[in-house]
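Quick look at input39.cif (mmCIF, C-alpha atoms):
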```
data_data
#
loop_
_atom_site.group_PDB
_atom_site.id
_atom_site.type_symbol
_atom_site.label_atom_id
_atom_site.label_comp_id
_atom_site.auth_asym_id
_atom_site.auth_seq_id
_atom_site.Cartn_x
_atom_site.Cartn_y
_atom_site.Cartn_z
ATOM 1 C CA MET G 1 -1.532 25.898 2.520
ATOM 2 C CA LEU G 2 -4.980 24.782 1.436
ATOM 3 C CA PHE G 3 -5.267 22.797 -1.781
ATOM 4 C CA GLU G 4 -6.487 25.033 -4.583
ATOM 5 C CA ASP G 5 -9.588 23.622 -6.233
ATOM 6 C CA THR G 6 -9.139 25.537 -9.471
ATOM 7 C CA TYR G 7 -6.489 25.287 -12.171
ATOM 8 C CA LYS G 8 -5.654 26.943 -15.485
ATOM 9 C CA THR G 9 -5.417 25.107 -18.791
ATOM 10 C CA LEU G 10 -5.982 25.738 -22.484
ATOM 11 C CA GLU G 11 -9.432 25.505 -24.010
ATOM 12 C CA GLU G 12 -8.225 23.907 -27.240
ATOM 13 C CA ARG G 13 -5.210 23.092 -29.370
ATOM 14 C CA CYS G 14 -3.279 26.146 -30.581
ATOM 15 C CA THR G 15 -0.069 26.860 -32.464
ATOM 16 C CA GLY G 16 2.795 29.337 -32.719
ATOM 17 C CA LEU G 17 5.779 29.914 -35.003
ATOM 18 C CA PHE G 18 9.284 31.329 -34.539
ATOM 19 C CA LYS G 19 11.976 31.691 -37.214
ATOM 20 C CA GLU G 20 15.673 32.355 -36.668
ATOM 21 C CA LYS G 21 18.600 32.159 -39.134
ATOM 22 C CA GLY G 22 16.741 29.834 -41.458
ATOM 23 C CA SER G 23 15.524 27.487 -38.715
ATOM 24 C CA LYS G 24 11.797 27.178 -38.243
ATOM 25 C CA PHE G 25 10.252 26.329 -34.853
ATOM 26 C CA ILE G 26 6.615 25.205 -35.040
ATOM 27 C CA ALA G 27 4.955 24.994 -31.621
ATOM 28 C CA TRP G 28 1.759 23.175 -30.733
ATOM 29 C CA ALA G 29 0.065 23.530 -27.337
ATOM 30 C CA VAL G 30 -2.443 20.758 -26.702
ATOM 31 C CA PRO G 31 -4.817 20.172 -23.752
ATOM 32 C CA VAL G 32 -4.178 16.695 -22.289
ATOM 33 C CA LYS G 33 -5.150 14.762 -19.175
ATOM 34 C CA THR G 34 -3.041 11.593 -19.193
ATOM 35 C CA GLU G 35 0.443 10.418 -20.142
ATOM 36 C CA GLU G 36 -1.201 7.985 -22.581
ATOM 37 C CA GLU G 37 -2.692 10.980 -24.428
ATOM 38 C CA VAL G 38 0.737 12.630 -24.463
ATOM 39 C CA LYS G 39 2.364 9.554 -26.037
ATOM 40 C CA LEU G 40 -0.297 9.287 -28.729
ATOM 41 C CA ILE G 41 -0.098 12.992 -29.627
ATOM 42 C CA LEU G 42 3.707 12.863 -29.810
ATOM 43 C CA GLU G 43 3.512 9.852 -32.130
ATOM 44 C CA ASN G 44 1.077 11.691 -34.384
ATOM 45 C CA PHE G 45 3.294 14.791 -34.553
ATOM 46 C CA ARG G 46 6.327 12.654 -35.409
ATOM 47 C CA LYS G 47 4.370 11.105 -38.269
ATOM 48 C CA GLU G 48 3.014 14.452 -39.483
ATOM 49 C CA TYR G 49 6.384 16.231 -39.251
ATOM 50 C CA TYR G 50 8.491 13.169 -40.130
ATOM 51 C CA ASP G 51 11.115 15.277 -41.917
ATOM 52 C CA ALA G 52 11.818 17.619 -38.976
ATOM 53 C CA ARG G 53 15.151 17.506 -37.133
ATOM 54 C CA HIS G 54 13.771 17.691 -33.576
ATOM 55 C CA HIS G 55 10.462 17.195 -31.735
ATOM 56 C CA CYS G 56 11.101 18.781 -28.326
ATOM 57 C CA TYR G 57 8.383 18.947 -25.712
ATOM 58 C CA ALA G 58 7.258 19.510 -22.154
ATOM 59 C CA TYR G 59 4.041 18.790 -20.309
ATOM 60 C CA ILE G 60 2.447 19.253 -16.898
ATOM 61 C CA LEU G 61 -0.446 17.105 -15.685
ATOM 62 C CA GLY G 62 -2.853 17.185 -12.756
ATOM 63 C CA PRO G 63 -4.533 20.020 -10.849
ATOM 64 C CA ASP G 64 -1.629 19.866 -8.373
ATOM 65 C CA LYS G 65 0.907 19.861 -11.271
ATOM 66 C CA SER G 66 2.534 16.760 -9.781
ATOM 67 C CA ALA G 67 3.338 15.031 -13.085
ATOM 68 C CA TRP G 68 5.610 16.722 -15.606
ATOM 69 C CA ARG G 69 8.393 16.055 -18.076
ATOM 70 C CA ALA G 70 10.717 18.036 -20.376
ATOM 71 C CA ASN G 71 12.534 16.476 -23.337
ATOM 72 C CA ASP G 72 15.293 17.995 -25.517
ATOM 73 C CA ASP G 73 15.051 15.338 -28.256
ATOM 74 C CA GLY G 74 18.684 15.605 -29.291
ATOM 75 C CA GLU G 75 19.186 19.325 -28.749
ATOM 76 C CA PRO G 76 21.925 20.327 -26.245
ATOM 77 C CA SER G 77 20.816 19.547 -22.690
ATOM 78 C CA GLY G 78 18.543 22.203 -21.186
ATOM 79 C CA THR G 79 18.104 24.232 -24.380
ATOM 80 C CA ALA G 80 14.654 22.988 -25.479
ATOM 81 C CA GLY G 81 12.508 21.026 -23.016
ATOM 82 C CA LYS G 82 13.392 23.242 -20.050
ATOM 83 C CA PRO G 83 12.459 26.592 -21.697
ATOM 84 C CA ILE G 84 9.239 25.028 -23.029
ATOM 85 C CA HIS G 85 8.430 23.785 -19.516
ATOM 86 C CA GLY G 86 9.297 27.247 -18.196
ATOM 87 C CA GLN G 87 6.559 28.797 -20.315
ATOM 88 C CA LEU G 88 3.972 26.389 -18.906
ATOM 89 C CA LEU G 89 5.068 27.488 -15.424
ATOM 90 C CA SER G 90 5.056 31.182 -16.381
ATOM 91 C CA PHE G 91 1.444 30.980 -17.510
ATOM 92 C CA ASP G 92 0.538 28.711 -14.541
ATOM 93 C CA LEU G 93 -0.856 26.020 -16.840
ATOM 94 C CA THR G 94 -1.483 22.332 -16.276
ATOM 95 C CA ASN G 95 -2.966 19.504 -18.329
ATOM 96 C CA VAL G 96 -1.100 20.931 -21.317
ATOM 97 C CA LEU G 97 1.519 19.453 -23.654
ATOM 98 C CA ILE G 98 3.684 21.755 -25.782
ATOM 99 C CA VAL G 99 5.628 20.272 -28.675
ATOM 100 C CA VAL G 100 8.085 22.426 -30.616
ATOM 101 C CA ILE G 101 9.106 20.981 -33.991
ATOM 102 C CA ARG G 102 12.364 22.295 -35.434
ATOM 103 C CA TYR G 103 13.381 22.405 -39.057
ATOM 104 C CA PHE G 104 17.126 23.136 -39.129
ATOM 105 C CA GLY G 105 18.120 26.044 -41.344
ATOM 106 C CA GLY G 106 21.825 25.256 -41.657
ATOM 107 C CA THR G 107 23.130 27.815 -39.147
ATOM 108 C CA LYS G 108 23.725 26.850 -35.525
ATOM 109 C CA LEU G 109 22.048 29.180 -33.030
ATOM 110 C CA GLY G 110 24.198 28.451 -29.980
ATOM 111 C CA VAL G 111 22.897 27.662 -26.502
ATOM 112 C CA SER G 112 21.325 31.052 -25.781
ATOM 113 C CA GLY G 113 19.826 31.209 -29.277
ATOM 114 C CA LEU G 114 18.201 27.789 -28.886
ATOM 115 C CA ILE G 115 16.803 28.612 -25.453
ATOM 116 C CA ASN G 116 15.281 31.816 -26.796
ATOM 117 C CA ALA G 117 13.860 30.059 -29.868
ATOM 118 C CA TYR G 118 12.138 27.264 -27.960
ATOM 119 C CA LYS G 119 10.915 29.646 -25.265
ATOM 120 C CA THR G 120 9.502 32.102 -27.819
ATOM 121 C CA ALA G 121 7.833 29.415 -29.953
ATOM 122 C CA ALA G 122 6.168 27.909 -26.878
ATOM 123 C CA ARG G 123 4.995 31.330 -25.728
ATOM 124 C CA GLU G 124 3.571 32.137 -29.174
ATOM 125 C CA ALA G 125 1.519 28.930 -29.067
ATOM 126 C CA ILE G 126 0.132 29.706 -25.599
ATOM 127 C CA ILE G 127 -0.845 33.302 -26.332
ATOM 128 C CA SER G 128 -2.555 32.292 -29.565
ATOM 129 C CA GLY G 129 -4.985 30.167 -27.544
ATOM 130 C CA LYS G 130 -7.500 30.809 -24.782
ATOM 131 C CA ILE G 131 -6.575 30.128 -21.161
ATOM 132 C CA ILE G 132 -9.500 28.905 -19.067
ATOM 133 C CA GLU G 133 -9.933 28.212 -15.353
ATOM 134 C CA LEU G 134 -11.539 24.928 -14.326
ATOM 135 C CA THR G 135 -12.558 23.540 -10.961
ATOM 136 C CA VAL G 136 -11.178 20.375 -9.415
ATOM 137 C CA ASN G 137 -14.098 18.001 -9.015
ATOM 138 C CA GLU G 138 -14.450 14.749 -7.118
ATOM 139 C CA VAL G 139 -16.459 11.737 -8.241
ATOM 140 C CA TYR G 140 -18.427 9.659 -5.755
ATOM 141 C CA LYS G 141 -20.800 6.719 -5.772
ATOM 142 C CA ILE G 142 -23.762 6.655 -3.395
ATOM 143 C CA GLU G 143 -25.796 3.513 -2.662
ATOM 144 C CA PHE G 144 -29.137 3.779 -0.912
ATOM 145 C CA PRO G 145 -32.535 2.068 -0.564
ATOM 146 C CA TYR G 146 -35.316 3.119 -2.901
ATOM 147 C CA GLU G 147 -37.301 4.811 -0.122
ATOM 148 C CA SER G 148 -34.514 7.406 0.219
ATOM 149 C CA MET G 149 -34.700 8.343 -3.455
ATOM 150 C CA ASN G 150 -36.647 11.612 -3.144
ATOM 151 C CA GLU G 151 -34.463 12.975 -0.363
ATOM 152 C CA ILE G 152 -31.210 11.994 -2.106
ATOM 153 C CA MET G 153 -32.311 13.556 -5.393
ATOM 154 C CA ARG G 154 -33.425 16.731 -3.641
ATOM 155 C CA ILE G 155 -30.001 17.182 -1.987
ATOM 156 C CA ILE G 156 -28.154 16.478 -5.234
ATOM 157 C CA LYS G 157 -30.251 19.103 -7.013
ATOM 158 C CA GLU G 158 -29.910 21.695 -4.232
ATOM 159 C CA GLU G 159 -26.138 21.268 -4.103
ATOM 160 C CA SER G 160 -25.720 21.382 -7.913
ATOM 161 C CA ALA G 161 -23.993 18.005 -8.013
ATOM 162 C CA GLN G 162 -23.868 16.482 -11.480
ATOM 163 C CA ILE G 163 -25.151 12.952 -11.987
ATOM 164 C CA ILE G 164 -22.840 10.905 -14.219
ATOM 165 C CA ASP G 165 -24.608 7.556 -14.024
ATOM 166 C CA ASN G 166 -27.402 5.823 -12.158
ATOM 167 C CA GLN G 167 -28.946 2.390 -11.793
ATOM 168 C CA PHE G 168 -32.098 1.447 -9.961
ATOM 169 C CA ILE G 169 -32.502 -2.310 -9.649
ATOM 170 C CA ASN G 170 -32.487 -3.942 -6.201
ATOM 171 C CA ASN G 171 -30.604 -1.062 -4.654
ATOM 172 C CA CYS G 172 -30.185 2.474 -5.979
ATOM 173 C CA ILE G 173 -26.717 3.589 -7.087
ATOM 174 C CA ILE G 174 -25.885 7.078 -8.340
ATOM 175 C CA THR G 175 -22.454 8.229 -9.523
ATOM 176 C CA TYR G 176 -22.055 11.984 -9.208
ATOM 177 C CA THR G 177 -19.415 14.699 -9.361
ATOM 178 C CA ILE G 178 -19.098 17.711 -7.095
ATOM 179 C CA ARG G 179 -16.620 20.565 -6.755
ATOM 180 C CA LYS G 180 -13.828 19.587 -4.340
ATOM 181 C CA ARG G 181 -14.390 22.468 -1.921
ATOM 182 C CA ASP G 182 -18.081 21.514 -1.553
ATOM 183 C CA ALA G 183 -17.622 17.741 -1.313
ATOM 184 C CA ASP G 184 -17.472 17.401 2.498
ATOM 185 C CA LYS G 185 -20.590 19.507 3.023
ATOM 186 C CA VAL G 186 -22.596 17.717 0.333
ATOM 187 C CA ASN G 187 -21.536 14.239 1.411
ATOM 188 C CA SER G 188 -22.329 15.049 5.034
ATOM 189 C CA ARG G 189 -25.894 15.928 4.024
ATOM 190 C CA LEU G 190 -26.219 12.787 1.935
ATOM 191 C CA ARG G 191 -24.885 10.518 4.689
ATOM 192 C CA LYS G 192 -27.641 11.728 7.016
ATOM 193 C CA THR G 193 -30.251 10.165 4.759
ATOM 194 C CA TYR G 194 -31.362 6.670 5.662
ATOM 195 C CA ALA G 195 -28.754 3.915 5.054
ATOM 196 C CA ALA G 196 -26.796 5.860 2.439
ATOM 197 C CA LYS G 197 -23.291 4.575 1.680
ATOM 198 C CA ILE G 198 -20.845 6.895 -0.137
ATOM 199 C CA THR G 199 -17.639 5.787 -1.875
ATOM 200 C CA TYR G 200 -14.969 8.151 -3.252
ATOM 201 C CA LEU G 201 -13.925 7.214 -6.802
ATOM 202 C CA LYS G 202 -11.521 9.819 -8.228
ATOM 203 C CA ASN G 203 -10.613 13.450 -8.964
ATOM 204 C CA THR G 204 -11.390 15.002 -12.333
#
```
Can the structure in the file be given as structure tokens, please?
Amino acid sequence: MLFEDTYKTLEERCTGLFKEKGSKFIAWAVPVKTEEEVKLILENFRKEYYDARHHCYAYILGPDKSAWRANDDGEPSGTAGKPIHGQLLSFDLTNVLIVVIRYFGGTKLGVSGLINAYKTAAREAIISGKIIELTVNEVYKIEFPYESMNEIMRIIKEESAQIIDNQFINNCIITYTIRKRDADKVNSRLRKTYAAKITYLKNT
């Protein structure tokens, strides 16, 4: 199967609410890109909702959805993090963290009640936001002599590559990003220019 070069995520932070037998489940869905971002956001929610009983969450990261985690934060195993994670999968989202904050209402909901509550709260947060589709892009650095400048710039413009950074001192260095599916074609054109050296840096 070919690697998909598009993925779905949320445009911005959004929230949802579910109430059951006095308990209140406040869900936040937040676009994220790194585990460091996830940790910081979780810390902030714990400070903001310091008096809540539970801060359960799940996240998926990366265009290939390779990094993920689900956490029950003291709720019975599988009743919180897993249904939250299930909603991310249902909507085919990545680079999203969902935190569901529970204020206990005094009446236990049971396993099925908890699963439904966390699932519904997470879903409410997702549908209150806007799902967008983004492309997987690759970042490269190209080094070349000054006399190749015009040709290099012409190819970059024709191929709609985006220049991130450049420096023109002794040698010319341009850092650019290009959609993954177009990278081989674009880089092949660039390599044909005189003495151009291309280095892959990362995915975005």
Assuming the chain letters and numbering stay as they are in my file, what does the PyMOL selection byres ((chain G and resi 164-180) around 12) actually select? List them as a PyMOL selection string. chain G and resi 2-6+63+134-150+152-153+155-163+181-187+190+195-204
Check which residues satisfy the PyMOL selection byres ((chain G and resi 13) around 8) in the file shown, then give them as a ChimeraX atom specification. /G:10-12,14-15,28-31,129
Provide the CA of Asn116 in chain G to CA of Glu36 in chain G distance in Å, to one decimal place. 29.3 Å
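Take CA of Asp72 in chain G and CA of His54 in chain G: the distance between them is 8.2 Å.
Between CA of Tyr59 in chain G and CA of Glu20 in chain G the separation is 24.2 Å.
Checking G:Leu88, G:Leu93, G:Gly22, G:Ala67 one by one against Ile132 in chain G, counting only C-alpha atoms, you find the shortest gap at G:Leu93.
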Show which residues sit within 12 Å of range 41-43 of chain G, as a PyMOL selection string. Count all atoms listed in the file, and ignore same-chain residues fewer than 4 positions away. chain G and resi 13+28-37+47-50+54-59+71+73+96-101
Within 12 Å of (15.0, 31.0, -27.2), all atoms listed in the file: residues as JSON, numbers by chain? {"G": [18, 19, 20, 25, 78, 79, 80, 81, 82, 83, 84, 86, 87, 100, 109, 110, 111, 112, 113, 114, 115, 116, 117, 118, 119, 120, 121, 122, 123, 124]}
Given the selection you just returned, output its residues as a file containing C-alpha atoms, formatted as a compact mmCIF listing (two decimals), in the frame of the given file.
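What landed in again_14.txt:
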```txt
# COMPACT_ATOMS: atom_id res chain seq x y z
CA PHE G 18 9.28 31.33 -34.54
CA LYS G 19 11.98 31.69 -37.21
CA GLU G 20 15.67 32.35 -36.67
CA PHE G 25 10.25 26.33 -34.85
CA GLY G 78 18.54 22.20 -21.19
CA THR G 79 18.10 24.23 -24.38
CA ALA G 80 14.65 22.99 -25.48
CA GLY G 81 12.51 21.03 -23.02
CA LYS G 82 13.39 23.24 -20.05
CA PRO G 83 12.46 26.59 -21.70
CA ILE G 84 9.24 25.03 -23.03
CA GLY G 86 9.30 27.25 -18.20
CA GLN G 87 6.56 28.80 -20.32
CA VAL G 100 8.09 22.43 -30.62
CA LEU G 109 22.05 29.18 -33.03
CA GLY G 110 24.20 28.45 -29.98
CA VAL G 111 22.90 27.66 -26.50
CA SER G 112 21.32 31.05 -25.78
CA GLY G 113 19.83 31.21 -29.28
CA LEU G 114 18.20 27.79 -28.89
CA ILE G 115 16.80 28.61 -25.45
CA ASN G 116 15.28 31.82 -26.80
CA ALA G 117 13.86 30.06 -29.87
CA TYR G 118 12.14 27.26 -27.96
CA LYS G 119 10.92 29.65 -25.26
CA THR G 120 9.50 32.10 -27.82
CA ALA G 121 7.83 29.42 -29.95
CA ALA G 122 6.17 27.91 -26.88
CA ARG G 123 5.00 31.33 -25.73
CA GLU G 124 3.57 32.14 -29.17
```
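Among the candidates G:Arg102, G:Arg191, G:Ala27, G:Lys130, the residue lying nearest to Gly74 in chain G is G:Arg102 (atoms considered: only C-alpha atoms).
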Nearest to Val38 in chain G by atom-to-atom distance, counting all atoms listed in the file, from G:Ile131, G:Ala52, G:Leu61, G:Ala125: G:Leu61
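Nearest to Lys21 in chain G of all the residues G:Tyr7, G:Phe91, G:Tyr103, G:Trp68 is G:Tyr103, counting all atoms listed in the file.
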